[in-house]
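**Q** Data file data27.cif (mmCIF, C-alpha atoms) is appended below.
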data_final
loop_
_atom_site.group_PDB
_atom_site.id
_atom_site.type_symbol
_atom_site.label_atom_id
_atom_site.label_comp_id
_atom_site.auth_asym_id
_atom_site.auth_seq_id
_atom_site.Cartn_x
_atom_site.Cartn_y
_atom_site.Cartn_z
ATOM 1 C CA MET A 1 131.352 90.542 101.605
ATOM 2 C CA GLN A 2 133.552 89.962 98.581
ATOM 3 C CA VAL A 3 135.586 92.750 96.986
ATOM 4 C CA LYS A 4 137.697 92.194 93.882
ATOM 5 C CA VAL A 5 139.484 94.828 91.832
ATOM 6 C CA ILE A 6 138.831 93.750 88.236
ATOM 7 C CA GLU A 7 140.696 96.460 86.301
ATOM 8 C CA GLU A 8 142.666 99.610 86.971
ATOM 9 C CA HIS A 9 143.831 102.072 84.337
ATOM 10 C CA GLY A 10 145.211 105.544 83.855
ATOM 11 C CA HIS A 11 148.148 105.819 86.252
ATOM 12 C CA ASP A 12 150.824 106.773 83.719
ATOM 13 C CA ALA A 13 148.533 109.141 81.824
ATOM 14 C CA ALA A 14 147.443 110.758 85.090
ATOM 15 C CA LEU A 15 151.036 111.418 86.135
ATOM 16 C CA ARG A 16 151.949 112.705 82.717
ATOM 17 C CA GLY A 17 149.001 115.100 82.738
ATOM 18 C CA MET A 18 149.813 116.170 86.289
ATOM 19 C CA SER A 19 153.332 117.051 85.155
ATOM 20 C CA TYR A 20 152.330 119.202 82.186
ATOM 21 C CA SER A 21 152.182 122.257 84.425
ATOM 22 C CA PHE A 22 155.993 122.065 84.651
ATOM 23 C CA MET A 23 156.663 121.559 80.940
ATOM 24 C CA ASP A 24 158.288 124.138 78.701
ATOM 25 C CA ARG A 25 156.398 124.154 75.397
ATOM 26 C CA SER A 26 159.633 124.346 73.428
ATOM 27 C CA LEU A 27 160.585 120.788 74.469
ATOM 28 C CA ASP A 28 159.649 117.563 72.708
ATOM 29 C CA VAL A 29 156.851 116.172 74.878
ATOM 30 C CA ASP A 30 157.932 112.513 74.704
ATOM 31 C CA GLU A 31 161.589 113.220 75.441
ATOM 32 C CA TRP A 32 160.562 115.544 78.250
ATOM 33 C CA TRP A 33 158.212 112.914 79.730
ATOM 34 C CA ASN A 34 160.857 110.173 79.655
ATOM 35 C CA ALA A 35 163.096 112.376 81.782
ATOM 36 C CA GLN A 36 160.253 113.661 83.972
ATOM 37 C CA GLN A 37 158.485 110.375 84.837
ATOM 38 C CA PRO A 38 160.641 109.339 87.848
ATOM 39 C CA ARG A 39 160.168 112.784 89.408
ATOM 40 C CA ALA A 40 156.440 112.671 88.675
ATOM 41 C CA GLU A 41 156.075 109.406 90.580
ATOM 42 C CA LYS A 42 157.689 110.962 93.668
ATOM 43 C CA ARG A 43 155.600 114.119 93.280
ATOM 44 C CA ALA A 44 152.363 112.101 92.982
ATOM 45 C CA VAL A 45 152.891 110.540 96.417
ATOM 46 C CA LEU A 46 153.338 114.030 97.896
ATOM 47 C CA LEU A 47 150.336 115.537 96.080
ATOM 48 C CA ALA A 48 147.852 112.678 96.629
ATOM 49 C CA PRO A 49 146.929 113.715 100.195
ATOM 50 C CA LYS A 50 146.585 117.412 99.296
ATOM 51 C CA GLU A 51 143.150 118.744 98.515
ATOM 52 C CA GLY A 52 142.208 121.967 96.749
ATOM 53 C CA GLY A 53 143.011 120.713 93.274
ATOM 54 C CA HIS A 54 146.547 119.568 94.027
ATOM 55 C CA ASN A 55 145.503 115.915 93.756
ATOM 56 C CA SER A 56 143.169 116.230 90.769
ATOM 57 C CA PHE A 57 145.300 113.667 88.900
ATOM 58 C CA LEU A 58 143.607 111.035 91.105
ATOM 59 C CA GLU A 59 140.366 111.659 89.194
ATOM 60 C CA THR A 60 141.886 110.146 86.046
ATOM 61 C CA ILE A 61 142.964 106.827 87.571
ATOM 62 C CA THR A 62 139.952 104.561 87.078
ATOM 63 C CA VAL A 63 139.165 101.356 88.977
ATOM 64 C CA TRP A 64 136.483 98.721 88.351
ATOM 65 C CA ILE A 65 135.570 96.739 91.474
ATOM 66 C CA ASP A 66 133.307 93.675 91.663
ATOM 67 C CA ILE A 67 131.535 93.767 95.034
ATOM 68 C CA GLU A 68 129.100 91.344 96.616
ATOM 69 C CA ALA A 69 127.634 92.905 99.743
ATOM 70 C CA CYS A 70 124.455 93.011 101.751
ATOM 71 C CA ARG A 71 121.811 95.633 101.090
ATOM 72 C CA ALA A 72 122.585 97.220 104.475
ATOM 73 C CA TRP A 73 126.049 98.159 103.159
ATOM 74 C CA TRP A 74 124.853 99.101 99.670
ATOM 75 C CA SER A 75 122.429 101.638 101.116
ATOM 76 C CA GLU A 76 125.439 103.434 102.618
ATOM 77 C CA MET A 77 127.668 103.010 99.549
ATOM 78 C CA ASP A 78 124.896 104.597 97.474
ATOM 79 C CA ARG A 79 125.675 107.848 99.296
ATOM 80 C CA TYR A 80 128.654 108.200 96.938
ATOM 81 C CA ARG A 81 127.229 109.292 93.589
ATOM 82 C CA VAL A 82 129.678 111.723 91.998
ATOM 83 C CA GLY A 83 132.482 110.024 90.079
ATOM 84 C CA LYS A 84 130.998 106.556 90.591
ATOM 85 C CA THR A 85 128.967 104.350 88.268
ATOM 86 C CA GLN A 86 127.573 100.934 89.083
ATOM 87 C CA LEU A 87 125.825 98.044 87.398
ATOM 88 C CA SER A 88 124.050 95.499 89.561
ATOM 89 C CA GLN A 89 122.349 92.159 89.793
ATOM 90 C CA SER A 90 118.671 92.864 89.425
ATOM 91 C CA THR A 91 116.285 91.940 92.190
ATOM 92 C CA MET A 92 113.481 92.984 89.821
ATOM 93 C CA HIS A 93 114.394 90.255 87.323
ATOM 94 C CA THR A 94 115.698 87.526 89.623
ATOM 95 C CA LEU A 95 113.999 87.709 93.021
ATOM 96 C CA SER A 96 110.909 85.749 92.004
ATOM 97 C CA LYS A 97 112.793 83.134 89.926
ATOM 98 C CA ARG A 98 113.714 80.832 92.814
ATOM 99 C CA GLY A 99 113.167 80.555 96.512
ATOM 100 C CA PRO A 100 115.720 82.107 98.870
ATOM 101 C CA VAL A 101 118.451 79.988 100.473
ATOM 102 C CA PRO A 102 120.755 80.906 103.382
ATOM 103 C CA GLU A 103 123.662 81.514 100.951
ATOM 104 C CA ASP A 104 121.683 84.438 99.499
ATOM 105 C CA PHE A 105 122.219 86.340 102.760
ATOM 106 C CA GLU A 106 125.164 87.881 104.567
ATOM 107 C CA GLU A 107 126.615 85.721 107.312
ATOM 108 C CA GLY A 108 124.966 86.795 110.540
ATOM 109 C CA THR A 109 121.500 87.262 109.039
ATOM 110 C CA HIS A 110 119.274 85.593 111.613
ATOM 111 C CA TRP A 111 117.669 82.350 110.454
ATOM 112 C CA ARG A 112 114.272 83.683 111.523
ATOM 113 C CA VAL A 113 114.634 86.579 109.076
ATOM 114 C CA ILE A 114 115.533 84.161 106.282
ATOM 115 C CA ASP A 115 112.623 81.886 107.212
ATOM 116 C CA ALA A 116 110.219 84.846 107.341
ATOM 117 C CA PHE A 117 111.325 86.006 103.899
ATOM 118 C CA THR A 118 110.976 82.442 102.589
ATOM 119 C CA ASP A 119 107.373 82.439 103.849
ATOM 120 C CA VAL A 120 106.771 85.781 102.113
ATOM 121 C CA TRP A 121 108.351 84.405 98.931
ATOM 122 C CA LEU A 122 106.039 81.379 98.987
ATOM 123 C CA SER A 123 102.890 83.439 99.609
ATOM 124 C CA ALA A 124 103.786 86.280 97.192
ATOM 125 C CA LYS A 125 103.384 83.986 94.186
ATOM 126 C CA GLY A 126 105.929 86.001 92.192
ATOM 127 C CA ASP A 127 104.557 89.452 93.066
ATOM 128 C CA ILE A 128 107.744 91.501 92.829
ATOM 129 C CA ASN A 129 106.183 94.383 94.776
ATOM 130 C CA VAL A 130 105.590 92.188 97.812
ATOM 131 C CA LEU A 131 109.037 90.608 97.531
ATOM 132 C CA LYS A 132 110.889 93.907 97.266
ATOM 133 C CA MET A 133 108.947 95.446 100.168
ATOM 134 C CA ASN A 134 109.981 92.556 102.402
ATOM 135 C CA LEU A 135 113.549 91.962 101.240
ATOM 136 C CA PRO A 136 115.854 91.823 104.296
ATOM 137 C CA GLU A 137 118.899 94.099 104.618
ATOM 138 C CA GLY A 138 121.080 90.989 104.852
ATOM 139 C CA PHE A 139 120.254 89.968 101.262
ATOM 140 C CA LEU A 140 123.396 89.857 99.118
ATOM 141 C CA GLN A 141 123.706 91.768 95.867
ATOM 142 C CA ARG A 142 126.614 91.940 93.428
ATOM 143 C CA ARG A 143 127.537 95.159 91.657
ATOM 144 C CA MET A 144 130.306 96.235 89.326
ATOM 145 C CA VAL A 145 131.416 99.650 90.548
ATOM 146 C CA CYS A 146 133.516 101.993 88.421
ATOM 147 C CA LEU A 147 135.136 104.894 90.232
ATOM 148 C CA ASN A 148 138.366 106.793 90.445
ATOM 149 C CA TYR A 149 141.116 107.145 93.008
ATOM 150 C CA LYS A 150 139.791 110.514 94.186
ATOM 151 C CA VAL A 151 136.407 108.974 95.006
ATOM 152 C CA LEU A 152 138.088 106.003 96.713
ATOM 153 C CA ARG A 153 140.242 108.385 98.748
ATOM 154 C CA ASN A 154 137.125 110.245 99.867
ATOM 155 C CA ILE A 155 135.293 107.025 100.796
ATOM 156 C CA ILE A 156 138.268 105.770 102.811
ATOM 157 C CA ALA A 157 138.657 109.103 104.623
ATOM 158 C CA GLN A 158 134.973 109.138 105.567
ATOM 159 C CA ARG A 159 134.489 105.452 106.406
ATOM 160 C CA GLU A 160 137.753 104.337 108.035
ATOM 161 C CA GLY A 161 136.940 103.131 111.549
ATOM 162 C CA HIS A 162 133.182 103.107 110.810
ATOM 163 C CA ARG A 163 131.050 101.033 113.153
ATOM 164 C CA LEU A 164 129.483 99.077 110.286
ATOM 165 C CA LYS A 165 132.021 96.259 109.946
ATOM 166 C CA TRP A 166 131.773 95.946 106.162
ATOM 167 C CA TRP A 167 133.459 99.313 105.647
ATOM 168 C CA GLY A 168 136.622 97.921 107.231
ATOM 169 C CA VAL A 169 136.437 94.866 104.963
ATOM 170 C CA PHE A 170 135.901 97.066 101.895
ATOM 171 C CA ILE A 171 138.761 99.437 102.735
ATOM 172 C CA GLU A 172 141.221 96.660 103.579
ATOM 173 C CA SER A 173 140.289 94.752 100.413
ATOM 174 C CA VAL A 174 140.682 97.796 98.173
ATOM 175 C CA LEU A 175 143.991 98.855 99.712
ATOM 176 C CA SER A 176 145.393 95.330 99.329
ATOM 177 C CA GLN A 177 144.446 95.124 95.625
ATOM 178 C CA VAL A 178 144.922 98.533 93.991
ATOM 179 C CA LYS A 179 148.229 99.321 92.298
ATOM 180 C CA ASN A 180 148.909 102.527 94.257
ATOM 181 C CA PRO A 181 147.417 102.297 97.758
ATOM 182 C CA GLU A 182 149.784 105.049 98.914
ATOM 183 C CA TYR A 183 147.599 107.552 97.023
ATOM 184 C CA LEU A 184 144.512 106.581 99.014
ATOM 185 C CA LYS A 185 145.609 107.163 102.617
#
For this file, produce the structure as structure tokens.

**A**
Amino acid sequence: MQVKVIEEHGHDAALRGMSYSFMDRSLDVDEWWNAQQPRAEKRAVLLAPKEGGHNSFLETITVWIDIEACRAWWSEMDRYRVGKTQLSQSTMHTLSKRGPVPEDFEEGTHWRVIDAFTDVWLSAKGDINVLKMNLPEGFLQRRMVCLNYKVLRNIIAQREGHRLKWWGVFIESVLSQVKNPEYLK
């Protein structure tokens, strides 16, 4: 599994918006924000773990993550649909283009599974229906996932310590690359 944070945006705007509830309308917004920003950063760390709308600012911090993972993991990641968009490598357009090689599969995929799929690939003669019906769970697929800190926080809360090992890899990779991991735990 490979996980790489490509872009992350919205932190300052999120904190500014979070702080508007404390702003007196008679003040100049930019002057007020310059004075308020250090306090907002401290407040954000305190509000991030609180649910019930207190951490809604997390929804406006957006992250794009490039992930290559096996289909076994993707089937679980697909559970998260709200606040997440993804674009993927297409098996429909690429699966019949060339024969499978071991590097197309997650480490640990048994060689017999790879050999069996290679036999299917050879006999399918490009029939995408046959190929997709027999594609092993260990097959690797790359997706660009766009989500926000609130979604990431939810994923981490639900999947930390999960028995499927790739969740630990995903969580550790995300926490080591995002700009504000303290908001996610």

**Q** Record the distance separating CA of Glu7 (chain A) and CA of Trp166 (chain A), expressed in Å with one decimal.

**A**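 Atom-to-atom, CA of Glu7 (chain A) to CA of Trp166 (chain A), that is 21.8 Å.
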
**Q** Using only C-alpha atoms, which of A:Ile65, A:Ala40, A:Val101, A:Ala124 sits nearest Leu175 (chain A)?

**A**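 Result for the nearest residue to Leu175 (chain A): A:Ile65.
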
**Q** Go through A:Met92, A:Ile114, A:Leu15, A:Ile67 one by one, measure the shortest atom-to-atom distance of each to Asp127 (chain A) using only C-alpha atoms, and give the residue with the smallest value.

**A**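 Looking at the shortest contact to Asp127 (chain A), the residue is A:Met92.
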
**Q** In the coordinate frame of the file, compute which residues have an atom within 10 Å of (131.3, 101.8, 90.0) when using only C-alpha atoms, and state them as a list in words.

**A**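 Looking at atoms near the point gives Thr62, Val63, Trp64, Ile65, Asp66, Ile67, Tyr80, Arg81, Gly83, Lys84, Thr85, Gln86, Leu87, Ser88, Arg143, Met144, Val145, Cys146, Leu147 and Asn148 of chain A.
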
**Q** Which one of A:Thr118, A:Leu152, A:Ser123, A:Trp167 sits closest to Asn180 (chain A) if you count all atoms listed in the file?

**A**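 Comparing A:Thr118, A:Leu152, A:Ser123, A:Trp167 against Asn180 (chain A), the winner is A:Leu152.
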
**Q** For a test of reading the model, state the distance in Å between CA of Val5 (chain A) and CA of Arg39 (chain A), rounded to one decimal.

**A**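 Computing it gives 27.5 Å between the two atoms.
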
**Q** Determine the nearest neighbour of Gln158 (chain A) from the options A:Met18, A:Leu184, A:Val29, A:Ile6, counting all atoms listed in the file.

**A**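 Going through A:Met18, A:Leu184, A:Val29, A:Ile6 one by one, the smallest distance to Gln158 (chain A) is for A:Leu184.
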
**Q** Do you know which residues the PyMOL selection byres ((chain A and resi 48) around 10) returns on this file, as a VMD selection string?

**A** chain A and resid 43 to 47 49 to 51 53 to 58 149 to 150 153 182 to 185

**Q** Find the spatial neighbours of Val113 (chain A), counting all atoms listed in the file, within a cut-off of 10 Å - ignore same-chain residues fewer than 3 positions away - and output them as a tab-separated table (two decimals) with C-alpha atoms, keeping the file's coordinate frame.

**A**
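So the final result, stored in result_23.tsv, reads:
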chain	number	residue	atom	x	y	z
A	105	PHE	CA	122.22	86.34	102.76
A	109	THR	CA	121.50	87.26	109.04
A	110	HIS	CA	119.27	85.59	111.61
A	116	ALA	CA	110.22	84.85	107.34
A	117	PHE	CA	111.32	86.01	103.90
A	118	THR	CA	110.98	82.44	102.59
A	119	ASP	CA	107.37	82.44	103.85
A	135	LEU	CA	113.55	91.96	101.24
A	136	PRO	CA	115.85	91.82	104.30
A	137	GLU	CA	118.90	94.10	104.62
A	138	GLY	CA	121.08	90.99	104.85

**Q** Ranking A:Gln141, A:Gln177, A:Thr91, A:Asn134 by minimum distance to Trp73 (chain A) and counting only C-alpha atoms, which one comes first?

**A** A:Gln141

**Q** Ranking A:Ile128, A:Ala72, A:Met77, A:Leu140 by minimum distance to Gln89 (chain A) and counting all atoms listed in the file, which one comes first?

**A**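 Of A:Ile128, A:Ala72, A:Met77, A:Leu140, the one nearest Gln89 (chain A), counting all atoms listed in the file, is A:Leu140.
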
**Q** CA of Thr60 (chain A) and CA of Ser19 (chain A), how far apart in Å?

**A**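 Distance between the two atoms: 13.4 Å.
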
**Q** Let me have the centre and edge lengths of the axis-aligned box enclosing all listed atoms of region 130-149 of chain A with 8 Å padding on every side, in Å to one decimal, as JSON.

**A**
{"center_x": 123.4, "center_y": 98.5, "center_z": 96.6, "size_x": 51.5, "size_y": 33.3, "size_z": 32.4}

**Q** (132.4, 89.8, 98.2) in this file's frame - what residues fall within 7 Å of it? Use all atoms listed in the file and give the answer as a PyMOL selection string.

**A** chain A and resi 1-3+67-69
